[in-house]
Every structure is written in structure tokens, then in C-alpha cells.
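Next up, protein-v8.txt (compact mmCIF, C-alpha atoms):
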# COMPACT_ATOMS: atom_id res chain seq x y z
CA MET A 1 220.80 143.08 150.97
CA LYS A 2 222.08 141.13 147.97
CA LYS A 3 218.55 139.96 147.24
CA ILE A 4 217.27 143.54 147.01
CA TYR A 5 220.23 144.43 144.79
CA TYR A 6 219.35 141.66 142.30
CA ILE A 7 215.66 142.56 142.39
CA LEU A 8 216.48 146.19 141.45
CA LEU A 9 219.14 145.22 138.91
CA ALA A 10 216.91 142.91 136.84
CA PRO A 11 214.40 145.57 135.68
CA ILE A 12 217.21 148.01 134.88
CA LEU A 13 219.00 145.45 132.70
CA PHE A 14 215.73 144.59 130.98
CA VAL A 15 215.04 148.25 130.14
CA LEU A 16 218.57 148.84 128.86
CA ASN A 17 218.45 145.69 126.74
CA SER A 18 215.14 146.67 125.11
CA CYS A 19 216.57 150.04 124.04
CA SER A 20 218.74 148.21 121.52
CA VAL A 21 215.62 147.07 119.67
CA TYR A 22 213.82 150.43 119.59
CA ASN A 23 215.15 153.91 119.15
CA PHE A 24 213.50 157.27 119.68
CA THR A 25 212.82 157.99 116.00
CA GLY A 26 210.89 154.76 115.60
CA THR A 27 213.13 153.37 112.89
CA SER A 28 213.94 149.70 112.81
CA PRO A 29 217.63 148.73 112.67
CA ILE A 30 219.04 149.83 109.31
CA ASP A 31 222.06 148.18 107.72
CA ALA A 32 222.39 150.99 105.16
CA LYS A 33 224.96 153.75 105.60
CA THR A 34 223.92 156.21 102.88
CA PHE A 35 220.80 157.53 101.22
CA GLN A 36 220.17 159.40 98.01
CA VAL A 37 217.20 161.63 97.16
CA ASN A 38 216.95 162.31 93.45
CA TYR A 39 215.20 165.45 92.24
CA PHE A 40 211.38 165.09 92.36
CA GLN A 41 210.36 166.89 89.17
CA ASN A 42 206.92 168.50 88.96
CA VAL A 43 205.17 166.84 85.99
CA SER A 44 201.63 167.87 86.96
CA GLU A 45 199.46 169.86 84.57
CA LEU A 46 199.41 172.85 86.94
CA VAL A 47 202.97 173.95 87.67
CA GLU A 48 203.85 175.91 90.79
CA PRO A 49 207.47 177.11 90.46
CA GLY A 50 209.88 175.81 93.09
CA ILE A 51 207.75 173.11 94.71
CA ASP A 52 209.87 170.34 93.18
CA ARG A 53 213.04 171.75 94.76
CA ASP A 54 211.27 172.43 98.07
CA PHE A 55 209.86 168.91 98.25
CA THR A 56 213.21 167.27 97.43
CA LEU A 57 214.98 169.30 100.13
CA ARG A 58 212.21 168.61 102.65
CA LEU A 59 212.58 164.83 102.18
CA GLN A 60 216.39 165.03 102.46
CA ASP A 61 216.15 167.08 105.66
CA LEU A 62 213.65 164.72 107.27
CA ILE A 63 215.80 161.64 106.66
CA GLN A 64 218.97 163.42 107.82
CA ASN A 65 217.30 164.68 110.99
CA GLN A 66 215.71 161.38 111.99
CA THR A 67 218.47 158.89 111.07
CA ASN A 68 222.23 158.64 111.16
CA LEU A 69 222.37 157.93 107.40
CA ASN A 70 224.69 160.04 105.26
CA LEU A 71 223.29 161.92 102.26
CA THR A 72 225.02 161.18 98.96
CA THR A 73 224.36 162.27 95.40
CA THR A 74 225.30 158.96 93.77
CA ASP A 75 225.20 155.26 94.61
CA GLY A 76 223.24 155.51 97.87
CA ASP A 77 222.25 152.36 99.75
CA LEU A 78 218.70 153.74 99.89
CA VAL A 79 217.42 155.64 96.85
CA TYR A 80 214.34 157.87 96.81
CA GLU A 81 213.17 159.03 93.40
CA GLY A 82 209.94 160.00 91.75
CA GLU A 83 207.89 162.96 90.64
CA ILE A 84 205.12 165.31 91.70
CA THR A 85 202.30 163.97 89.55
CA ASP A 86 199.40 166.17 90.62
CA TYR A 87 199.04 169.72 91.92
CA ARG A 88 195.37 170.64 91.96
CA ILE A 89 193.08 173.28 93.42
CA SER A 90 189.44 172.17 93.63
CA PRO A 91 186.30 173.75 95.08
CA MET A 92 185.03 171.69 98.01
CA THR A 93 181.80 173.42 99.04
CA ALA A 94 179.63 176.07 97.39
CA THR A 95 177.68 179.05 98.67
CA ALA A 96 174.10 179.96 97.74
CA GLU A 97 175.55 182.27 95.09
CA LEU A 98 177.28 179.25 93.50
CA THR A 99 180.78 180.40 94.42
CA ALA A 100 183.33 178.29 96.26
CA ALA A 101 183.02 178.51 100.03
CA GLN A 102 186.05 176.32 100.51
CA ASN A 103 188.88 175.23 98.20
CA ARG A 104 191.33 172.36 98.50
CA LEU A 105 194.92 172.23 97.34
CA SER A 106 195.96 168.61 96.89
CA ILE A 107 199.36 167.31 95.87
CA THR A 108 200.26 163.77 94.79
CA VAL A 109 203.84 162.50 94.76
CA ASN A 110 204.93 159.22 93.21
CA LEU A 111 207.82 157.53 95.05
CA ARG A 112 210.11 154.77 93.78
CA PHE A 113 212.14 153.46 96.71
CA SER A 114 215.15 151.18 96.28
CA ASN A 115 217.13 149.48 99.03
CA LYS A 116 220.38 148.07 97.62
CA LYS A 117 221.02 146.04 100.77
CA LYS A 118 217.51 144.50 100.81
CA PRO A 119 215.99 144.52 97.29
CA GLU A 120 212.86 142.80 98.60
CA GLU A 121 211.95 146.13 100.26
CA ASN A 122 211.86 148.03 96.93
CA PHE A 123 208.46 149.52 96.02
CA GLU A 124 206.61 152.22 94.15
CA LYS A 125 203.74 154.11 95.75
CA ARG A 126 201.71 157.33 95.40
CA TYR A 127 201.27 159.69 98.34
CA THR A 128 198.58 162.37 98.46
CA PHE A 129 197.67 165.02 100.99
CA PHE A 130 195.65 168.25 100.93
CA TYR A 131 195.14 171.67 102.50
CA ASP A 132 191.71 173.32 102.75
CA TYR A 133 191.33 177.10 102.72
CA PRO A 134 188.48 179.63 102.41
CA GLY A 135 187.02 180.11 98.93
CA GLU A 136 187.43 183.87 98.99
CA ALA A 137 191.16 183.59 99.81
CA GLN A 138 193.90 183.54 97.21
CA LEU A 139 196.51 180.86 97.81
CA THR A 140 199.60 183.03 97.37
CA GLY A 141 202.54 184.23 99.40
CA ASN A 142 202.57 183.18 103.03
CA GLN A 143 199.33 181.18 102.85
CA LEU A 144 200.74 179.10 99.98
CA ARG A 145 203.91 178.50 102.02
CA VAL A 146 201.81 177.33 105.01
CA ALA A 147 199.79 175.01 102.74
CA LEU A 148 202.88 173.51 101.10
CA ASP A 149 204.59 173.05 104.47
CA GLU A 150 201.61 171.13 105.85
CA ILE A 151 201.26 168.96 102.75
CA PHE A 152 204.99 168.25 102.42
CA GLN A 153 205.32 167.46 106.12
CA ARG A 154 202.60 164.83 105.89
CA ILE A 155 203.79 163.26 102.62
CA THR A 156 207.47 163.10 103.62
CA GLN A 157 206.60 161.64 107.03
CA ASP A 158 204.43 158.98 105.36
CA MET A 159 207.33 158.15 103.03
CA PHE A 160 209.73 157.96 105.97
CA ASN A 161 207.36 155.69 107.87
CA ASP A 162 206.96 153.33 104.91
CA THR A 163 210.65 153.12 104.07
CA LEU A 164 212.50 153.37 107.38
CA ALA A 165 210.11 153.13 110.32
CA LYS A 166 208.05 150.31 108.76
CA TRP A 167 204.86 151.54 110.41

In C-alpha cells, what does this structure look like?
Amino acid sequence: MKKIYYILLAPILFVLNSCSVYNFTGTSPIDAKTFQVNYFQNVSELVEPGIDRDFTLRLQDLIQNQTNLNLTTTDGDLVYEGEITDYRISPMTATAELTAAQNRLSITVNLRFSNKKKPEENFEKRYTFFYDYPGEAQLTGNQLRVALDEIFQRITQDMFNDTLAKW
């Protein structure tokens, strides 16, 4: 009976021990306690009011929801700062009448990441994503909100993966 007990106990201990290396958000162990997200100003040629605030809040929310780090406004262990450098609507395909059959909204965000606990992890990188929509549609109101949500979700998740999940 003792032999069966040890045979069953070994896999359970192994599984419990490996949980200390991996967590459900995919982040590696973090020695930081706080993070700071500075305002991502929109410096693109085409300005869409409010996207800078929306993007900044979206990044803050993602980090708060997927880590146990505390948000601070000054002197964070991890600092996210940058700017929205490009907000562009481009025709992607044309019809026989030479009008746009499909348009693409693309947004580029420049990130400067600083880790005060591990300065060797500091970097600067551009992130771009897009949203395609029919050429006859106007990107306003609810459709603009859907487009921005999709783009911001992808860009903020890519930033999270590069800075905290190390994927």
C-alpha cells in the first residue's frame, strides 16, 4: 500500500512544483512591484481625438489585469512610454470604377520600455497593426470603436508579451 502511495504522490508533487515556474498569464517571474504608463501622445499627421488617452488606458488595464503589479504615476519599477507615430487610412483594393473596394486603418505606436531592476531589458520598439473595412463604409462611430479596439488589443498584447511574458 505504501508503494502505491509513493507512486501517486510523486506526480502530484512534480505538478505542484512546476506551477512555481509558470503561471496562468504566461509571465515569467517578475521582481518588480510597480509599473508606470506615461501618456502616449498622438504625434501622427492625421489626428483622431481621444485615441492617445484610450491607448494609454488600454495598456494600463492590460498590465493590471494580467499581473499583480501596482500602477503608479511616478518612479515605477517598469516604465512604459512612447507615442502614437502613425494613424493612417489607405485604400487596399480598387474596383473597376477606380474607387476603393477596401480600406485599411493602420496605427503605429513607438514604445520605450525601462526596467529599473534589470536595465539590460530596456528597449525601444515600434508596434503596428491594422483593421480592414469596406471601401464604401465610413470609419466613424461604432465601427471606428470596433477598429480601434481590435488594433489596440493586438498592440498592447504584443507589448505585454515583449516586456513581461518574454514570448

*For segment 128-145 of chain A, please output as a list in words all residues within 9 Å (counting only C-alpha atoms; exclusion window: fewer than 4 positions along the same chain).*
Asp86, Pro91, Met92, Thr93, Ala94, Thr99, Ala100, Ala101, Gln102, Asn103, Arg104, Leu105, Ser106, Ile107, Thr108, Val109, Asn110, Asp149, Glu150, Ile151, Phe152, Arg154 and Ile155 of chain A

*Could you give me, as a VMD selection string, the residues within 7 Å of Arg112 of chain A, counting all atoms listed in the file and dropping anything in the same chain fewer than 6 positions from it?*
chain A and resid 80 to 82 123 to 125

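Distance check against Arg53 of chain A using all atoms listed in the file: of A:Thr73, A:Asn38, A:Gln157, A:Gln66, the minimum falls on A:Asn38.
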
*With distances taken over all atoms listed in the file, which of A:Lys116, A:Ile63, A:Val146, A:Asp31 is nearest to Gly76 of chain A?*
A:Lys116

*With distances taken over all atoms listed in the file, which of A:Asp52, A:Glu120, A:Glu45, A:Asp158 is nearest to Glu83 of chain A?*
A:Asp52

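Of the residues under consideration (A:Asn70, A:Gln153, A:Thr34, A:Thr85), A:Thr85 shows the shortest atom-to-atom contact distance to Leu46 of chain A when counting all atoms listed in the file.
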
*Neighbours of Phe55 of chain A within 9 Å (only C-alpha atoms; same-chain residues fewer than 4 positions away dropped), as a PyMOL selection string?*
chain A and resi 39-40+50-51+59-60+84+148+152+156

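Using only C-alpha atoms for every distance, the candidate list A:Asp75, A:Asn68, A:Asp61, A:Tyr87 yields A:Tyr87 as the residue closest to Gln41 of chain A.
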
_For Leu164 of chain A, find every residue with an atom within 12 Å (counting all atoms listed in the file), except residues of its own chain fewer than 4 positions away, and show them as a PyMOL selection string._
chain A and resi 25-32+35+62-64+66-69+78-80+113-115+121-122+156-160

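Atom to atom, atom CA of Ile89 of chain A and atom CA of Arg58 of chain A stand 21.7 Å apart.
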